[in-house]
Amino acid sequence: MNSKLLKEKFIELYGEGGDIREYFSPGRVNLIGEHTDYNGGHVFPCALTIGTYGIMRRRTDKVMKFSSANIRSGSVVTVDLSDISYKKKYNWANYPLGIVWAFKEKGIELESGFEMIIWGNIPNGSGLSSSASIEVLMGKMLQDQYSIKSLSMLDLALIGQYSENNFNGCNCGIMDQFAVAMGKKDNAMFLDTSDLSYQYAKISLPDEKIVIINSKVKHSLVDSAYNERREQCAKALEQLQKVVDIKTLGDLDIETFEANKSAISDEIVRKRAKHAVYENQRTIRAVEALKRNDVEQFGKLMNESHISLRDDYEVSCKEIDILVELAWETDGVIGSRITGGGFGGCTVSIVRNDAVDVLKEHVEKEYEKKTGLKPEIYIVDIGDGARRI
Ligand code: GLA
C-alpha cells in the first residue's frame with residue numbers, strides 16, 4: 001500500500017469527484033522522559049517518517065463514513081452526525097470519531113459529514129503511537145477540509161489527547177499527540193509538560209543511528225495498568241503536598257524528593273514517585289548532554305531510564321528486558337531502553353554506525369531463541385508532523 005493506491009481505494013469505495021484531499025500524520029518515538037508527561041515533567045520525543053495516511057472528502061448530508069485499509073478491505077463504519085457516541089462495534093473508528101466528538105465539545109460542530117479512509121504503517125500496539133497518529137491526522141483533515149482557521153497544531157494535539165482521555169478512556173498525557181502534531185524533520189522536541197513550552201533540538205548523530213526494535217508483544221491490561229500508574233502518582237503528589245509546596249512531581253528536584261519521600265505512606269507509590277522525579281531530572285540532563293555532543297552520557301541516562309522503568313515504575317516485561325540486555329551486551333551500543341507506555345512494544349537504542357549490523361544479527365538470533373518471537377528492527381528517520389500532502 002502507498003498513498004496513490006490508497007486514493008484508488010478511496011475512489012473504489014466512495015466514487016469519484018469532489019474535493020478529495022490527502023494527508024499524512026507520523027508516529028513517534030520517545031528518546032527519554034517516560035511517564036513524566038502526566039506528572040508535569042519533561043519529555044524528549046521525535047516524529048517518525050512512518051505513520052498514517054488519510055484521505056477525506058466532505059459530503060453534503062450528515063453522514064460520516066470511516067474506512068481503514070489496514071482492516072478488512074472494503075468495510076465502512078457509518079455514523080450520523082446527530083448520533084456521536086462511543087460504540088464498541090465501531091472498533092478502530094472510535095479514534096477518528098472521538099475527534100469529531102471532541103471538536104463538538106470545544107464548540108466546533110460540523111455542518112455536514114464526510115468520507116474518509118486511512119492506512120498506516122506503524123505496527124499496532126508497538127508503543128510508537130499509532131492511536132495519536134490517527135487522532136492528530138483526523139484533527140488535521142477536519143481543520144483543513146472545514147477551514148477551521150482558529151485551530152493551531154498545538155490545539156489539534158490537545159483535542160487528540162482530550163478525545164483519547166474522554167472518548168476512548170485512556171488517561172494518557174500530552175506527549176504523543178504533541179510529538180505527532182509538532183514534529184520537525186531531524187529534530188527532537190524538548191517539551192515541558194507543566195506549561196507546554198518547548199524547544200526543538202537538532203539530532204545530528206553522524207557516527208550513530210537511532211534503532212527501534214519491536215518486541216512484537218503487547219500485554220493485555222495496558223490501559224488499566226497505565227491508568228493505575230497515573231493514580232499512584234496522583235496519590236504520591238497529594239501526600240507530598242502536605243509537606244512541600246509543589247504543583248506536580250515535576251517540580252521536585254532529587255534532593256527535595258529524598259528529604260520528603262517519607263510523606264508517601266505506601267512503598268509502591270513511593271517507588272512510582274521516585275521514577276517520575278528521577279526520570280524528569282534525567283531528561284533535563286540528557287538534553288544538556290546532547291547539546292554538548294556528549295552522546296555517551298545521553299546513552300548512560302537512557303540505560304538508567306530503563307532500569308527505573310523496570311524496577312521502580314514496573315512497566316517493562318520479560319521480552320523487553322531481553323531486548324534491552326541484548327543491546328547492552330553489544331559493543332557499540334551507546335544506550336538502550338524501553339520506549340512508550342510499556343508492557344511490550346519497542347525499545348529504542350543509540351548505536352554506533354559500525355555496530356548496527358552486529359546488533360541486528362545478535363538480536364535476531366538470540367531474541368527468537370529466548371522468546372520464540374521474531375523481532376522487527378527499524379533504523380529511525382526523524383520526520384515532520386501531521387500535514388496535508
Ligand atoms: C503513552 C502515553 C503518553 C506517555 C507515555 C509514557 O505513550 O500516551 O502520554 O505517558 O505512554 O511516557
# chains A, B, ... in the order shown; residues from 1 in each chain; ligands from 1
call {"tool": "residues_around", "arguments": {"residues": "region 152-158 of chain A", "least_positions_apart": "2", "cutoff": "8 Å", "atoms": "only C-alpha atoms", "output": "list in words"}}
result
Val136, Gly139, Lys140, Lys149, Ser150, Gly160, Gln161, Tyr162, Ile174, Gln177, Phe178, Val180, Ala181 and Met182 of chain A
call {"tool": "write_last_selection", "arguments": {"atoms": "N, CA, C and O atoms", "output": "mmCIF file, in the first residue's frame"}}
result
data_model
loop_
_atom_site.group_PDB
_atom_site.id
_atom_site.type_symbol
_atom_site.label_atom_id
_atom_site.label_comp_id
_atom_site.auth_asym_id
_atom_site.auth_seq_id
_atom_site.Cartn_x
_atom_site.Cartn_y
_atom_site.Cartn_z
ATOM 1 N N VAL A 136 -4.447 12.865 15.540
ATOM 2 C CA VAL A 136 -3.983 14.153 15.010
ATOM 3 C C VAL A 136 -4.248 14.237 13.503
ATOM 4 O O VAL A 136 -4.600 15.296 12.978
ATOM 5 N N GLY A 139 -7.794 15.277 13.188
ATOM 6 C CA GLY A 139 -7.911 16.705 13.517
ATOM 7 C C GLY A 139 -7.455 17.559 12.340
ATOM 8 O O GLY A 139 -8.113 18.526 11.945
ATOM 9 N N LYS A 140 -6.330 17.176 11.753
ATOM 10 C CA LYS A 140 -5.774 17.944 10.628
ATOM 11 C C LYS A 140 -6.713 17.887 9.420
ATOM 12 O O LYS A 140 -6.959 18.904 8.755
ATOM 13 N N LYS A 149 -9.893 27.834 10.857
ATOM 14 C CA LYS A 149 -8.617 28.552 10.946
ATOM 15 C C LYS A 149 -8.190 28.811 12.390
ATOM 16 O O LYS A 149 -7.019 29.064 12.667
ATOM 17 N N SER A 150 -9.171 28.778 13.307
ATOM 18 C CA SER A 150 -8.837 29.129 14.699
ATOM 19 C C SER A 150 -7.972 28.061 15.379
ATOM 20 O O SER A 150 -7.400 28.317 16.430
ATOM 21 N N GLY A 160 -6.724 15.922 20.434
ATOM 22 C CA GLY A 160 -6.448 14.476 20.336
ATOM 23 C C GLY A 160 -6.351 13.848 21.714
ATOM 24 O O GLY A 160 -6.933 12.787 21.978
ATOM 25 N N GLN A 161 -5.632 14.515 22.611
ATOM 26 C CA GLN A 161 -5.488 13.987 23.975
ATOM 27 C C GLN A 161 -6.850 13.985 24.695
ATOM 28 O O GLN A 161 -7.211 13.013 25.362
ATOM 29 N N TYR A 162 -7.602 15.064 24.510
ATOM 30 C CA TYR A 162 -8.917 15.181 25.144
ATOM 31 C C TYR A 162 -9.825 14.021 24.710
ATOM 32 O O TYR A 162 -10.512 13.398 25.519
ATOM 33 N N ILE A 174 0.179 14.303 27.298
ATOM 34 C CA ILE A 174 0.136 15.044 26.025
ATOM 35 C C ILE A 174 1.270 14.656 25.073
ATOM 36 O O ILE A 174 1.265 15.043 23.905
ATOM 37 N N GLN A 177 0.474 13.018 21.243
ATOM 38 C CA GLN A 177 -0.227 13.902 20.314
ATOM 39 C C GLN A 177 0.629 15.129 20.008
ATOM 40 O O GLN A 177 0.641 15.625 18.877
ATOM 41 N N PHE A 178 1.357 15.609 21.013
ATOM 42 C CA PHE A 178 2.235 16.767 20.788
ATOM 43 C C PHE A 178 3.303 16.420 19.759
ATOM 44 O O PHE A 178 3.534 17.157 18.799
ATOM 45 N N VAL A 180 3.381 14.099 17.502
ATOM 46 C CA VAL A 180 2.822 13.810 16.188
ATOM 47 C C VAL A 180 2.413 15.116 15.473
ATOM 48 O O VAL A 180 2.613 15.277 14.274
ATOM 49 N N ALA A 181 1.860 16.043 16.254
ATOM 50 C CA ALA A 181 1.393 17.297 15.649
ATOM 51 C C ALA A 181 2.544 18.257 15.357
ATOM 52 O O ALA A 181 2.559 18.936 14.333
ATOM 53 N N MET A 182 3.534 18.312 16.249
ATOM 54 C CA MET A 182 4.541 19.379 16.195
ATOM 55 C C MET A 182 5.899 18.915 15.671
ATOM 56 O O MET A 182 6.853 19.681 15.651
#
call {"tool": "residues_around", "arguments": {"residues": "Met189 (chain A)", "least_positions_apart": "3", "cutoff": "7 Å", "atoms": "only C-alpha atoms", "output": "PyMOL selection string"}}
result
chain A and resi 44-46+198-201
call {"tool": "residues_near_ligand", "arguments": {"ligand": "ligand 1", "cutoff": "6 Å", "atoms": "only C-alpha atoms and all ligand atoms", "output": "ChimeraX atom specification"}}
result
/A:34-35,37,172-176,340-341
call {"tool": "residues_around", "arguments": {"residues": "Cys233 (chain A)", "least_positions_apart": "5", "cutoff": "12 Å", "atoms": "only C-alpha atoms", "output": "CSV table (one decimal) with N, CA, C and O atoms, in the first residue's frame"}}
result
chain,number,residue,atom,x,y,z
A,35,HIS,N,6.8,8.4,31.1
A,35,HIS,CA,5.8,8.5,32.2
A,35,HIS,C,6.1,9.8,33.1
A,35,HIS,O,5.9,9.8,34.3
A,36,THR,N,6.5,10.8,32.4
A,36,THR,CA,6.7,12.1,33.1
A,36,THR,C,5.7,13.1,32.6
A,36,THR,O,5.5,14.1,33.2
A,37,ASP,N,5.0,12.8,31.5
A,37,ASP,CA,4.2,13.8,30.9
A,37,ASP,C,2.9,14.1,31.6
A,37,ASP,O,2.3,15.2,31.4
A,38,TYR,N,2.4,13.2,32.4
A,38,TYR,CA,1.2,13.5,33.3
A,38,TYR,C,1.7,13.8,34.7
A,38,TYR,O,0.8,13.8,35.6
A,39,ASN,N,3.0,14.1,34.9
A,39,ASN,CA,3.5,14.5,36.2
A,39,ASN,C,4.2,15.9,36.1
A,39,ASN,O,5.0,16.2,36.9
A,40,GLY,N,3.8,16.6,35.0
A,40,GLY,CA,4.4,18.0,34.9
A,40,GLY,C,5.9,17.9,34.6
A,40,GLY,O,6.6,18.9,34.9
A,226,TYR,N,-1.8,1.5,32.9
A,226,TYR,CA,-1.4,2.8,32.7
A,226,TYR,C,-2.2,3.8,33.6
A,226,TYR,O,-1.6,4.6,34.3
A,227,ASN,N,-3.5,3.6,33.6
A,227,ASN,CA,-4.3,4.5,34.4
A,227,ASN,C,-4.0,4.3,35.9
A,227,ASN,O,-4.0,5.2,36.7
A,228,GLU,N,-3.6,3.1,36.3
A,228,GLU,CA,-3.3,2.8,37.7
A,228,GLU,C,-2.0,3.6,38.0
A,228,GLU,O,-1.9,4.1,39.1
A,238,GLU,N,-0.4,14.1,46.2
A,238,GLU,CA,-1.3,14.5,47.3
A,238,GLU,C,-0.6,14.5,48.7
A,238,GLU,O,-0.6,15.4,49.4
A,239,GLN,N,0.1,13.4,48.9
A,239,GLN,CA,0.8,13.2,50.2
A,239,GLN,C,2.0,14.1,50.3
A,239,GLN,O,2.2,14.7,51.4
A,240,LEU,N,2.7,14.3,49.2
A,240,LEU,CA,3.9,15.2,49.3
A,240,LEU,C,3.5,16.6,49.5
A,240,LEU,O,4.2,17.4,50.1
A,248,THR,N,3.3,19.8,40.9
A,248,THR,CA,3.4,18.5,40.2
A,248,THR,C,4.6,17.8,40.7
A,248,THR,O,5.5,18.5,41.3
A,249,LEU,N,4.8,16.5,40.4
A,249,LEU,CA,6.0,15.8,40.8
A,249,LEU,C,7.2,16.4,40.0
A,249,LEU,O,8.3,16.3,40.5
A,250,GLY,N,6.9,16.9,38.9
A,250,GLY,CA,8.0,17.5,38.1
A,250,GLY,C,8.6,18.7,38.7
A,250,GLY,O,9.7,19.2,38.3
A,264,ILE,N,5.2,9.8,51.7
A,264,ILE,CA,4.4,8.9,50.9
A,264,ILE,C,4.3,7.6,51.7
A,264,ILE,O,5.3,6.9,52.0
A,266,ASP,N,2.7,4.6,51.2
A,266,ASP,CA,2.8,3.2,50.6
A,266,ASP,C,4.1,3.1,49.8
A,266,ASP,O,4.6,4.0,49.0
A,268,ILE,N,5.0,1.1,47.3
A,268,ILE,CA,4.9,1.0,45.9
A,268,ILE,C,4.7,2.4,45.3
A,268,ILE,O,5.3,2.8,44.3
A,269,VAL,N,3.8,3.1,45.9
A,269,VAL,CA,3.5,4.5,45.5
A,269,VAL,C,4.8,5.4,45.5
A,269,VAL,O,5.1,6.2,44.6
A,270,ARG,N,5.6,5.1,46.6
A,270,ARG,CA,6.9,5.9,46.7
A,270,ARG,C,7.8,5.6,45.5
A,270,ARG,O,8.5,6.4,45.0
A,271,LYS,N,7.8,4.3,45.1
A,271,LYS,CA,8.7,3.9,44.0
A,271,LYS,C,8.2,4.6,42.7
A,271,LYS,O,9.0,5.0,41.9
A,272,ARG,N,6.9,4.6,42.5
A,272,ARG,CA,6.4,5.3,41.3
A,272,ARG,C,6.8,6.8,41.3
A,272,ARG,O,7.2,7.3,40.3
A,273,ALA,N,6.7,7.4,42.4
A,273,ALA,CA,7.0,8.8,42.5
A,273,ALA,C,8.5,9.0,42.3
A,273,ALA,O,8.9,10.0,41.6
A,274,LYS,N,9.3,8.1,42.8
A,274,LYS,CA,10.7,8.2,42.6
A,274,LYS,C,11.1,8.2,41.1
A,274,LYS,O,11.8,9.0,40.7
A,275,HIS,N,10.4,7.3,40.4
A,275,HIS,CA,10.7,7.2,39.0
A,275,HIS,C,10.3,8.5,38.3
A,275,HIS,O,11.1,9.1,37.6
A,276,ALA,N,9.1,9.1,38.7
A,276,ALA,CA,8.7,10.3,38.0
A,276,ALA,C,9.7,11.4,38.2
A,276,ALA,O,10.0,12.2,37.3
A,277,VAL,N,10.2,11.5,39.5
A,277,VAL,CA,11.1,12.6,39.8
A,277,VAL,C,12.4,12.4,39.2
A,277,VAL,O,13.0,13.3,38.5
A,313,TYR,N,9.1,1.8,38.3
A,313,TYR,CA,7.8,2.0,37.7
A,313,TYR,C,7.1,0.8,37.3
A,313,TYR,O,5.9,0.7,37.1
call {"tool": "residues_around", "arguments": {"residues": "Leu31 (chain A)", "least_positions_apart": "2", "cutoff": "10 Å", "atoms": "only C-alpha atoms", "output": "list of chain:residue names"}}
result
A:Arg28, A:Val29, A:Gly33, A:Glu34, A:Val43, A:Phe44, A:Pro45, A:Cys46, A:Ala188, A:Met189, A:Ile210, A:Thr283, A:Ala286, A:Val287, A:Phe298, A:Gly299, A:Met302, A:Ser336, A:Arg337, A:Ile338, A:Thr339, A:Gly340, A:Thr347, A:Val348, A:Ser349, A:Ile350
call {"tool": "closest_residue", "arguments": {"among": "A:Met1, A:Ala47, A:Leu137, A:Leu6", "to": "Asn121 (chain A)", "atoms": "only C-alpha atoms"}}
result
A:Met1
call {"tool": "atom_distance", "arguments": {"atom1": "CA of Ile212 (chain A)", "atom2": "CA of Ser308 (chain A)"}}
result
19.5 Å
call {"tool": "select_by_dssp", "arguments": {"residues": "region 153-367 of chain A", "states": "helix (DSSP H, G or I)", "output": "number ranges by chain"}}
result
A: 153-166, 175-182, 222-240, 249-251, 254-263, 267-291, 295-311, 318-328, 353-367
call {"tool": "closest_residue", "arguments": {"among": "A:Gly113, A:Gly107, A:Gly54, A:Pro375", "to": "Ser215 (chain A)", "atoms": "only C-alpha atoms"}}
result
A:Pro375
call {"tool": "select_by_dssp", "arguments": {"residues": "region 62-199 of chain A", "states": "strand (DSSP E)", "output": "MDAnalysis selection string"}}
result
chainID A and resid 63:68 77:80 114:120 187:192 197:199
call {"tool": "closest_residue", "arguments": {"among": "A:Lys104, A:Lys202, A:Lys65, A:His306", "to": "Arg292 (chain A)", "atoms": "only C-alpha atoms"}}
result
A:Lys202
call {"tool": "residues_around", "arguments": {"residues": "region 362-370 of chain A", "least_positions_apart": "4", "cutoff": "7 Å", "atoms": "only C-alpha atoms", "output": "MDAnalysis selection string"}}
result
chainID A and resid 323 326 358 374:375
call {"tool": "write_last_selection", "arguments": {"atoms": "all heavy atoms", "output": "CSV table (one decimal), in the first residue's frame"}}
result
chain,number,residue,atom,x,y,z
A,323,LEU,N,15.4,-7.8,25.2
A,323,LEU,CA,15.9,-6.9,24.1
A,323,LEU,C,16.9,-5.9,24.6
A,323,LEU,O,18.0,-5.6,23.9
A,323,LEU,CB,14.7,-6.2,23.4
A,323,LEU,CG,13.9,-7.0,22.4
A,323,LEU,CD1,12.8,-6.1,21.9
A,323,LEU,CD2,14.7,-7.6,21.3
A,326,LEU,N,20.2,-7.6,25.4
A,326,LEU,CA,20.9,-8.0,24.2
A,326,LEU,C,21.7,-6.7,23.6
A,326,LEU,O,22.8,-6.8,23.1
A,326,LEU,CB,20.0,-8.6,23.2
A,326,LEU,CG,19.5,-10.0,23.5
A,326,LEU,CD1,18.4,-10.4,22.5
A,326,LEU,CD2,20.6,-11.0,23.6
A,358,VAL,N,25.9,-5.7,13.7
A,358,VAL,CA,26.2,-6.7,14.7
A,358,VAL,C,25.0,-6.8,15.7
A,358,VAL,O,24.6,-7.9,16.1
A,358,VAL,CB,27.4,-6.2,15.5
A,358,VAL,CG1,27.9,-7.3,16.6
A,358,VAL,CG2,28.6,-5.8,14.6
A,374,LYS,N,9.9,-13.3,16.6
A,374,LYS,CA,10.8,-12.7,15.6
A,374,LYS,C,10.7,-11.2,15.8
A,374,LYS,O,9.6,-10.6,15.7
A,374,LYS,CB,10.4,-12.9,14.2
A,374,LYS,CG,10.9,-14.2,13.6
A,374,LYS,CD,10.7,-14.2,12.1
A,374,LYS,CE,11.0,-15.5,11.4
A,374,LYS,NZ,12.1,-16.3,11.8
A,375,PRO,N,11.8,-10.5,16.2
A,375,PRO,CA,11.8,-9.1,16.4
A,375,PRO,C,11.8,-8.3,15.1
A,375,PRO,O,12.1,-8.9,14.1
A,375,PRO,CB,13.1,-8.8,17.2
A,375,PRO,CG,14.0,-9.8,16.6
A,375,PRO,CD,13.2,-11.1,16.4
